[in-house]
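Shown next: input21.txt, given as compact mmCIF, C-alpha atoms and all ligand atoms.
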```txt
# COMPACT_ATOMS: atom_id res chain seq x y z
CA MET A 25 -48.30 -24.12 -27.18
CA ILE A 26 -49.61 -25.79 -24.05
CA ILE A 27 -48.95 -24.08 -20.73
CA THR A 28 -49.94 -25.52 -17.38
CA VAL A 29 -50.17 -23.35 -14.31
CA GLY A 30 -49.72 -25.82 -11.50
CA ASN A 31 -48.64 -26.36 -7.94
CA THR A 32 -49.90 -29.04 -5.57
CA LYS A 33 -50.39 -26.27 -3.01
CA GLY A 34 -53.74 -24.48 -3.02
CA GLY A 35 -54.24 -20.75 -2.78
CA VAL A 36 -50.93 -19.78 -4.42
CA GLY A 37 -52.62 -18.01 -7.33
CA LYS A 38 -52.77 -20.70 -10.01
CA THR A 39 -56.23 -19.68 -11.22
CA THR A 40 -55.41 -15.97 -11.02
CA ILE A 41 -52.20 -16.40 -13.05
CA ALA A 42 -53.81 -18.79 -15.55
CA LEU A 43 -56.67 -16.33 -16.20
CA ASN A 44 -54.30 -13.41 -16.68
CA LEU A 45 -52.08 -15.31 -19.11
CA ALA A 46 -55.04 -16.67 -21.08
CA ILE A 47 -57.04 -13.43 -21.34
CA ALA A 48 -53.95 -11.37 -22.20
CA ARG A 49 -53.11 -13.89 -24.92
CA ALA A 50 -56.66 -13.66 -26.28
CA LEU A 51 -56.40 -9.85 -26.24
CA ALA A 52 -53.23 -10.25 -28.33
CA GLY A 53 -55.37 -11.91 -30.99
CA LYS A 54 -54.63 -15.56 -30.28
CA ASP A 55 -57.21 -18.28 -30.17
CA VAL A 56 -56.94 -19.51 -26.59
CA TRP A 57 -58.57 -22.38 -24.76
CA VAL A 58 -58.56 -22.58 -20.99
CA VAL A 59 -58.74 -26.06 -19.54
CA ASP A 60 -59.83 -26.01 -15.92
CA GLY A 61 -58.50 -29.14 -14.26
CA ASP A 62 -59.93 -28.30 -10.88
CA ARG A 63 -63.35 -29.69 -10.06
CA GLN A 64 -64.11 -26.44 -8.21
CA GLY A 65 -64.11 -24.87 -11.68
CA THR A 66 -63.18 -21.35 -10.58
CA ALA A 67 -61.44 -20.50 -13.86
CA GLN A 68 -64.60 -21.50 -15.68
CA THR A 69 -66.77 -19.43 -13.33
CA ALA A 70 -64.61 -16.36 -13.97
CA LEU A 71 -64.72 -16.86 -17.75
CA THR A 72 -68.49 -17.37 -17.63
CA ILE A 73 -68.83 -14.03 -15.82
CA ARG A 74 -66.66 -12.52 -18.57
CA ALA A 75 -68.87 -13.96 -21.30
CA GLU A 76 -72.11 -12.92 -19.58
CA SER A 77 -70.88 -9.34 -19.17
CA GLY A 78 -70.36 -9.20 -22.93
CA ARG A 79 -66.59 -8.68 -22.78
CA THR A 80 -64.68 -9.58 -25.87
CA PRO A 81 -62.75 -11.55 -26.79
CA MET A 82 -64.55 -14.46 -25.21
CA VAL A 83 -62.22 -17.13 -23.92
CA ALA A 84 -63.33 -20.74 -24.33
CA CYS A 85 -63.10 -22.90 -21.24
CA SER A 86 -63.77 -26.54 -20.40
CA VAL A 87 -63.55 -28.32 -17.04
CA TYR A 88 -61.93 -31.78 -16.95
CA SER A 89 -60.99 -32.74 -13.43
CA ASP A 90 -60.29 -36.34 -14.40
CA GLY A 91 -56.81 -36.95 -15.85
CA ALA A 92 -57.79 -39.44 -18.56
CA THR A 93 -60.53 -37.13 -19.88
CA LEU A 94 -58.27 -34.08 -19.74
CA ARG A 95 -55.56 -35.90 -21.65
CA SER A 96 -57.80 -37.24 -24.40
CA GLN A 97 -59.73 -33.98 -24.83
CA VAL A 98 -56.57 -31.88 -25.07
CA GLN A 99 -54.99 -34.35 -27.51
CA GLN A 100 -58.09 -34.31 -29.70
CA GLN A 101 -58.65 -30.55 -29.68
CA LYS A 102 -55.19 -29.00 -29.44
CA ASP A 103 -54.84 -28.24 -33.14
CA LYS A 104 -57.93 -26.00 -33.04
CA TYR A 105 -56.19 -23.44 -30.81
CA ASP A 106 -53.07 -21.29 -30.90
CA ASP A 107 -52.53 -21.75 -27.18
CA ILE A 108 -53.97 -23.83 -24.39
CA VAL A 109 -53.70 -22.74 -20.76
CA ILE A 110 -54.38 -25.47 -18.22
CA ASP A 111 -55.28 -24.44 -14.67
CA ALA A 112 -54.28 -27.72 -13.10
CA GLY A 113 -55.96 -27.33 -9.73
CA GLY A 114 -54.42 -28.17 -6.36
CA ARG A 115 -53.29 -31.53 -5.01
CA ASP A 116 -51.39 -34.29 -6.70
CA SER A 117 -54.29 -35.10 -8.99
CA THR A 118 -54.57 -37.20 -12.12
CA ALA A 119 -55.46 -33.96 -13.93
CA LEU A 120 -52.16 -32.39 -12.89
CA ARG A 121 -50.17 -35.46 -13.99
CA ALA A 122 -51.98 -35.53 -17.34
CA ALA A 123 -51.32 -31.80 -17.78
CA LEU A 124 -47.60 -32.31 -17.11
CA ALA A 125 -47.48 -35.09 -19.68
CA LEU A 126 -48.94 -32.74 -22.34
CA SER A 127 -47.37 -29.36 -21.63
CA ASP A 128 -44.51 -27.43 -23.17
CA LEU A 129 -44.23 -25.23 -20.10
CA LEU A 130 -45.23 -25.49 -16.45
CA VAL A 131 -45.57 -22.21 -14.56
CA VAL A 132 -45.44 -22.71 -10.79
CA PRO A 133 -46.65 -19.74 -8.74
CA PHE A 134 -45.47 -19.67 -5.14
CA SER A 135 -45.67 -17.05 -2.43
CA PRO A 136 -42.72 -15.86 -0.35
CA ARG A 137 -43.84 -17.76 2.75
CA SER A 138 -41.90 -20.69 4.21
CA LEU A 139 -44.77 -23.17 4.06
CA ASP A 140 -45.29 -22.43 0.36
CA VAL A 141 -41.60 -22.75 -0.40
CA TRP A 142 -41.30 -26.11 1.40
CA ALA A 143 -44.38 -27.36 -0.43
CA LEU A 144 -42.47 -26.98 -3.73
CA ALA A 145 -40.89 -30.37 -2.94
CA ASP A 146 -44.11 -32.04 -4.09
CA ILE A 147 -44.36 -30.38 -7.49
CA SER A 148 -40.61 -30.87 -7.99
CA ASN A 149 -41.08 -34.62 -7.59
CA LEU A 150 -43.91 -34.59 -10.12
CA ILE A 151 -41.77 -32.62 -12.60
CA ALA A 152 -38.93 -35.15 -12.19
CA GLU A 153 -41.38 -37.98 -12.78
CA ALA A 154 -42.83 -36.33 -15.90
CA ARG A 155 -39.32 -35.70 -17.24
CA SER A 156 -38.35 -39.33 -16.67
CA MET A 157 -41.09 -40.24 -19.15
CA ARG A 158 -40.43 -37.63 -21.84
CA ASP A 159 -38.17 -34.72 -22.74
CA GLY A 160 -39.25 -31.15 -23.28
CA LEU A 161 -41.09 -30.05 -20.14
CA ARG A 162 -39.77 -26.66 -19.13
CA ALA A 163 -40.71 -25.70 -15.55
CA VAL A 164 -40.46 -22.17 -14.21
CA ALA A 165 -41.33 -20.77 -10.81
CA ILE A 166 -42.71 -17.26 -10.35
CA LEU A 167 -43.37 -15.36 -7.16
CA ASN A 168 -47.04 -14.46 -6.68
CA ASN A 169 -48.61 -12.71 -3.73
CA ALA A 170 -45.15 -11.23 -3.33
CA ASP A 171 -44.49 -8.44 -0.84
CA THR A 172 -44.04 -4.88 -2.07
CA GLN A 173 -41.23 -4.40 0.48
CA GLY A 174 -38.98 -6.29 2.88
CA SER A 175 -36.61 -9.18 2.33
CA ASP A 176 -39.00 -12.16 2.20
CA ASN A 177 -39.19 -12.22 -1.62
CA LYS A 178 -35.42 -12.47 -1.88
CA GLU A 179 -35.20 -15.19 0.78
CA ALA A 180 -37.91 -17.25 -0.90
CA VAL A 181 -36.10 -17.03 -4.24
CA GLU A 182 -32.84 -18.10 -2.58
CA ALA A 183 -34.63 -21.12 -1.08
CA LEU A 184 -35.62 -22.19 -4.61
CA ALA A 185 -32.06 -23.47 -4.99
CA ASP A 186 -33.23 -26.54 -3.05
CA TYR A 187 -35.50 -27.45 -5.98
CA PRO A 188 -33.28 -27.81 -9.06
CA GLU A 189 -36.20 -29.01 -11.20
CA LEU A 190 -37.52 -25.43 -11.07
CA GLU A 191 -35.96 -22.45 -12.74
CA PHE A 192 -36.85 -19.00 -11.35
CA LEU A 193 -38.27 -16.79 -14.08
CA ASP A 194 -37.38 -13.63 -12.13
CA ILE A 195 -40.96 -12.46 -11.93
CA ALA A 196 -42.69 -11.14 -8.83
CA VAL A 197 -46.39 -10.40 -9.00
CA CYS A 198 -47.20 -8.61 -5.75
CA ARG A 199 -50.23 -9.03 -3.56
CA ARG A 200 -52.58 -6.38 -4.94
CA LYS A 201 -56.31 -5.98 -4.52
CA ALA A 202 -56.74 -5.09 -8.20
CA ILE A 203 -55.32 -8.47 -9.22
CA ALA A 204 -57.85 -10.35 -7.09
CA ASN A 205 -60.70 -8.08 -8.24
CA ALA A 206 -59.89 -8.42 -11.94
CA ALA A 207 -59.74 -12.23 -11.82
CA GLY A 208 -63.06 -12.32 -9.95
CA GLN A 209 -64.70 -10.47 -12.82
CA GLY A 210 -63.09 -12.56 -15.52
CA LEU A 211 -60.90 -9.64 -16.58
CA ALA A 212 -57.22 -9.36 -17.36
CA ILE A 213 -55.61 -6.82 -15.06
CA LYS A 214 -55.28 -4.29 -17.87
CA GLU A 215 -59.05 -4.43 -18.49
CA LEU A 216 -59.94 -3.45 -14.91
CA ALA A 217 -60.99 0.11 -14.12
CA PRO A 218 -59.60 2.07 -12.39
CA LYS A 219 -56.24 0.95 -13.67
CA ASP A 220 -53.57 -0.16 -11.22
CA GLN A 221 -50.42 0.62 -13.19
CA LYS A 222 -48.05 -1.29 -10.90
CA ALA A 223 -50.19 -4.41 -11.14
CA ILE A 224 -50.46 -4.00 -14.91
CA ALA A 225 -46.67 -3.70 -15.26
CA GLU A 226 -46.03 -6.79 -13.14
CA VAL A 227 -48.52 -8.95 -14.99
CA GLU A 228 -47.25 -7.64 -18.33
CA SER A 229 -43.71 -8.70 -17.53
CA LEU A 230 -45.03 -12.08 -16.43
CA TYR A 231 -46.83 -12.43 -19.77
CA ASN A 232 -43.79 -11.34 -21.78
CA ARG A 233 -41.39 -13.63 -19.94
CA VAL A 234 -43.70 -16.65 -20.08
CA PHE A 235 -44.41 -16.38 -23.80
CA ALA A 236 -40.83 -15.48 -24.62
CA SER A 237 -39.55 -18.48 -22.73
CA ILE A 238 -40.90 -21.01 -25.25
N1 LIG A 301 -51.28 -11.34 -6.83
C1 LIG A 301 -52.38 -11.40 -6.08
N2 LIG A 301 -52.80 -10.31 -5.39
C2 LIG A 301 -53.90 -10.36 -4.61
N3 LIG A 301 -54.65 -11.45 -4.43
C3 LIG A 301 -54.28 -12.59 -5.08
C4 LIG A 301 -53.14 -12.62 -5.94
N4 LIG A 301 -53.03 -13.87 -6.43
C5 LIG A 301 -54.06 -14.58 -5.93
N5 LIG A 301 -54.80 -13.81 -5.10
C6 LIG A 301 -55.96 -14.22 -4.29
O1 LIG A 301 -55.59 -15.37 -3.51
C7 LIG A 301 -56.63 -16.32 -3.46
C8 LIG A 301 -56.16 -17.65 -4.07
O2 LIG A 301 -55.88 -17.43 -5.47
P1 LIG A 301 -56.25 -18.52 -6.56
O3 LIG A 301 -55.83 -17.97 -7.86
O4 LIG A 301 -57.65 -18.97 -6.40
O5 LIG A 301 -55.25 -19.68 -6.10
P2 LIG A 301 -55.22 -21.23 -6.50
O6 LIG A 301 -55.87 -21.37 -7.83
O7 LIG A 301 -53.76 -21.58 -6.51
O8 LIG A 301 -55.93 -21.97 -5.40
C9 LIG A 301 -57.81 -15.72 -4.21
O9 LIG A 301 -58.62 -15.07 -3.26
C10 LIG A 301 -57.14 -14.70 -5.14
O10 LIG A 301 -57.99 -13.62 -5.44
MG MG A 302 -57.51 -22.48 -8.43
```

As structure tokens:
Amino acid sequence: MIITVGNTKGGVGKTTIALNLAIARALAGKDVWVVDGDRQGTAQTALTIRAESGRTPMVACSVYSDGATLRSQVQQQKDKYDDIVIDAGGRDSTALRAALALSDLLVVPFSPRSLDVWALADISNLIAEARSMRDGLRAVAILNNADTQGSDNKEAVEALADYPELEFLDIAVCRRKAIANAAGQGLAIKELAPKDQKAIAEVESLYNRVFASI
């Protein structure tokens, strides 16, 4: 299955979420390929650090920031892998559009801050455009960098009603240092020591919901 983690907004946790989904899937024994659609290549950097530290399983990663290349490479190579996770990068890029044309599922991380919620209008338009060209693109929003307390998470989820292209997956991954640290070392959250059990539980429910949803 092909999953894109995408949002035209930067800094919402696309790379962090894509790495966690991909590494957890590889730890579950699947052959996973990460396609980094962002020319900054941060997913690839993290997975290179993983490989150089000798962690197994290794997770293959390629960077294609150009939409036409991303599309043709994924079409040519998709049968070699159980799952492909595309980190689509920020902005309304050709890579993001190509990823939407290829994917079974789009996961849209957003944080419970007004500017992030309003910015969902952009990705909603791209989802509508992709759906006008073909059926079968499921699009789910998840809260990332969520608060551990207060009412902002709930308000942000209520505001999602303005974007009917997006379905809320009822997942909140909170802002936790362990999550940032793990991704920076090319590790899934459950591989990081010392273990942060709350972070592990949140990312595990994200993983279960995402892979159960298709
Ligand atoms: N759940 C989280 N908890 C703590 N830090 C996070 C979390 N998600 C993302 N971050 C941090 O936020 C910043 C942006 O995340 P990143 O995954 O690079 O976003 P994007 O790929 O959307 O630009 C990074 O410094 C990352 O470590
Ligand atoms: Mg990124």

- [ ] List all protein, DNA and RNA residues that have at least one atom no more than 9 Å from any atom of ligand LIG 301 (chain A), counting all atoms listed in the file, and write them as number ranges by chain.
- [x] A: 29-43, 62, 66-67, 111-114, 133-135, 167-170, 196-208, 223, 227

Open item on the list: Using only C-alpha atoms, can you tell me which of A:Leu124, A:Arg63, A:Leu190, A:Glu182 comes closest to Asp159 (chain A)?
Closed with: A:Leu124

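Among the candidate residues A:Cys85, A:Ile110, A:Ile26, A:Ile195, the one lying nearest to ligand MG 302 (chain A) is A:Ile110, with distances computed using all atoms listed in the file.
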
Mind working out the centre and edge lengths of an axis-aligned box for region 25-42 of chain A, all listed atoms inside, 3 Å added to each side, rounded to one decimal in Å and written as JSON?
```
{"center_x": -52.3, "center_y": -22.5, "center_z": -15.0, "size_x": 13.9, "size_y": 19.1, "size_z": 30.4}
```

Open item on the list: Taking 5 positions as the minimum chain separation for residues in the same chain, which residues sit within 12 Å of region 144-152 of chain A when counting only C-alpha atoms? Answer as a ChimeraX atom specification.
Closed with: /A:28-34,36,112,114-118,120-125,127,129-139,157-166,180-181,183-191

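CA of Phe235 (chain A) to CA of Ser175 (chain A) spans 28.2 Å [interatomic distance, one decimal].
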
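We find CA of Ala48 (chain A) and CA of Ala212 (chain A) to be spaced 6.2 Å apart.
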
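Interatomic distance, CA of Met25 (chain A) against CA of Gln100 (chain A): 14.4 Å.
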
Open item on the list: Nearest residue to ligand MG 302 (chain A) out of A:Ile108, A:Ile27, A:Ala70, A:Ile47, using all atoms listed in the file?
Closed with: A:Ala70

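Residue nearest ligand MG 302 (chain A) within the list A:Leu211, A:Val59, A:Ala52, A:Val98: A:Val59 [criterion: smallest interatomic distance, only C-alpha atoms and all ligand atoms].
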
Incomplete region 207-222 of chain A brought to N, CA, C and O atoms, written out as a PDB file, in the coordinates of the input:
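That gives us rebuild-v2.pdb:
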```
ATOM      1  N   ALA A 207     -59.510 -10.796 -11.560  1.00  0.00           N
ATOM      2  CA  ALA A 207     -59.740 -12.230 -11.820  1.00  0.00           C
ATOM      3  C   ALA A 207     -61.176 -12.603 -11.455  1.00  0.00           C
ATOM      4  O   ALA A 207     -61.824 -13.384 -12.169  1.00  0.00           O
ATOM      5  N   GLY A 208     -61.694 -12.015 -10.387  1.00  0.00           N
ATOM      6  CA  GLY A 208     -63.060 -12.320  -9.950  1.00  0.00           C
ATOM      7  C   GLY A 208     -64.121 -11.869 -10.942  1.00  0.00           C
ATOM      8  O   GLY A 208     -65.257 -12.356 -10.928  1.00  0.00           O
ATOM      9  N   GLN A 209     -63.743 -10.932 -11.800  1.00  0.00           N
ATOM     10  CA  GLN A 209     -64.700 -10.470 -12.820  1.00  0.00           C
ATOM     11  C   GLN A 209     -64.388 -11.046 -14.200  1.00  0.00           C
ATOM     12  O   GLN A 209     -64.982 -10.633 -15.197  1.00  0.00           O
ATOM     13  N   GLY A 210     -63.451 -11.962 -14.229  1.00  0.00           N
ATOM     14  CA  GLY A 210     -63.090 -12.560 -15.520  1.00  0.00           C
ATOM     15  C   GLY A 210     -62.351 -11.576 -16.418  1.00  0.00           C
ATOM     16  O   GLY A 210     -62.438 -11.655 -17.643  1.00  0.00           O
ATOM     17  N   LEU A 211     -61.617 -10.657 -15.796  1.00  0.00           N
ATOM     18  CA  LEU A 211     -60.900  -9.640 -16.580  1.00  0.00           C
ATOM     19  C   LEU A 211     -59.400  -9.825 -16.436  1.00  0.00           C
ATOM     20  O   LEU A 211     -58.908 -10.236 -15.371  1.00  0.00           O
ATOM     21  N   ALA A 212     -58.672  -9.509 -17.487  1.00  0.00           N
ATOM     22  CA  ALA A 212     -57.220  -9.360 -17.360  1.00  0.00           C
ATOM     23  C   ALA A 212     -56.986  -8.077 -16.580  1.00  0.00           C
ATOM     24  O   ALA A 212     -57.819  -7.163 -16.620  1.00  0.00           O
ATOM     25  N   ILE A 213     -55.858  -7.991 -15.904  1.00  0.00           N
ATOM     26  CA  ILE A 213     -55.610  -6.820 -15.060  1.00  0.00           C
ATOM     27  C   ILE A 213     -55.687  -5.513 -15.858  1.00  0.00           C
ATOM     28  O   ILE A 213     -56.193  -4.507 -15.378  1.00  0.00           O
ATOM     29  N   LYS A 214     -55.267  -5.550 -17.113  1.00  0.00           N
ATOM     30  CA  LYS A 214     -55.280  -4.290 -17.870  1.00  0.00           C
ATOM     31  C   LYS A 214     -56.690  -3.886 -18.306  1.00  0.00           C
ATOM     32  O   LYS A 214     -56.897  -2.757 -18.760  1.00  0.00           O
ATOM     33  N   GLU A 215     -57.671  -4.782 -18.145  1.00  0.00           N
ATOM     34  CA  GLU A 215     -59.050  -4.430 -18.490  1.00  0.00           C
ATOM     35  C   GLU A 215     -59.798  -3.810 -17.309  1.00  0.00           C
ATOM     36  O   GLU A 215     -60.912  -3.300 -17.466  1.00  0.00           O
ATOM     37  N   LEU A 216     -59.223  -3.909 -16.114  1.00  0.00           N
ATOM     38  CA  LEU A 216     -59.940  -3.450 -14.910  1.00  0.00           C
ATOM     39  C   LEU A 216     -59.854  -1.927 -14.766  1.00  0.00           C
ATOM     40  O   LEU A 216     -58.794  -1.344 -14.960  1.00  0.00           O
ATOM     41  N   ALA A 217     -60.981  -1.323 -14.417  1.00  0.00           N
ATOM     42  CA  ALA A 217     -60.990   0.110 -14.120  1.00  0.00           C
ATOM     43  C   ALA A 217     -61.323   0.296 -12.640  1.00  0.00           C
ATOM     44  O   ALA A 217     -62.181  -0.424 -12.128  1.00  0.00           O
ATOM     45  N   PRO A 218     -60.711   1.251 -11.927  1.00  0.00           N
ATOM     46  CA  PRO A 218     -59.600   2.070 -12.390  1.00  0.00           C
ATOM     47  C   PRO A 218     -58.325   1.248 -12.535  1.00  0.00           C
ATOM     48  O   PRO A 218     -58.181   0.233 -11.880  1.00  0.00           O
ATOM     49  N   LYS A 219     -57.449   1.720 -13.380  1.00  0.00           N
ATOM     50  CA  LYS A 219     -56.240   0.950 -13.670  1.00  0.00           C
ATOM     51  C   LYS A 219     -55.224   1.025 -12.527  1.00  0.00           C
ATOM     52  O   LYS A 219     -54.993   2.100 -11.975  1.00  0.00           O
ATOM     53  N   ASP A 220     -54.657  -0.105 -12.195  1.00  0.00           N
ATOM     54  CA  ASP A 220     -53.570  -0.160 -11.220  1.00  0.00           C
ATOM     55  C   ASP A 220     -52.289  -0.395 -12.025  1.00  0.00           C
ATOM     56  O   ASP A 220     -52.010  -1.510 -12.460  1.00  0.00           O
ATOM     57  N   GLN A 221     -51.546   0.688 -12.256  1.00  0.00           N
ATOM     58  CA  GLN A 221     -50.420   0.620 -13.190  1.00  0.00           C
ATOM     59  C   GLN A 221     -49.314  -0.313 -12.719  1.00  0.00           C
ATOM     60  O   GLN A 221     -48.668  -0.985 -13.535  1.00  0.00           O
ATOM     61  N   LYS A 222     -49.108  -0.391 -11.394  1.00  0.00           N
ATOM     62  CA  LYS A 222     -48.050  -1.290 -10.900  1.00  0.00           C
ATOM     63  C   LYS A 222     -48.443  -2.736 -11.162  1.00  0.00           C
ATOM     64  O   LYS A 222     -47.630  -3.551 -11.605  1.00  0.00           O
TER      65      LYS A 222
END
```
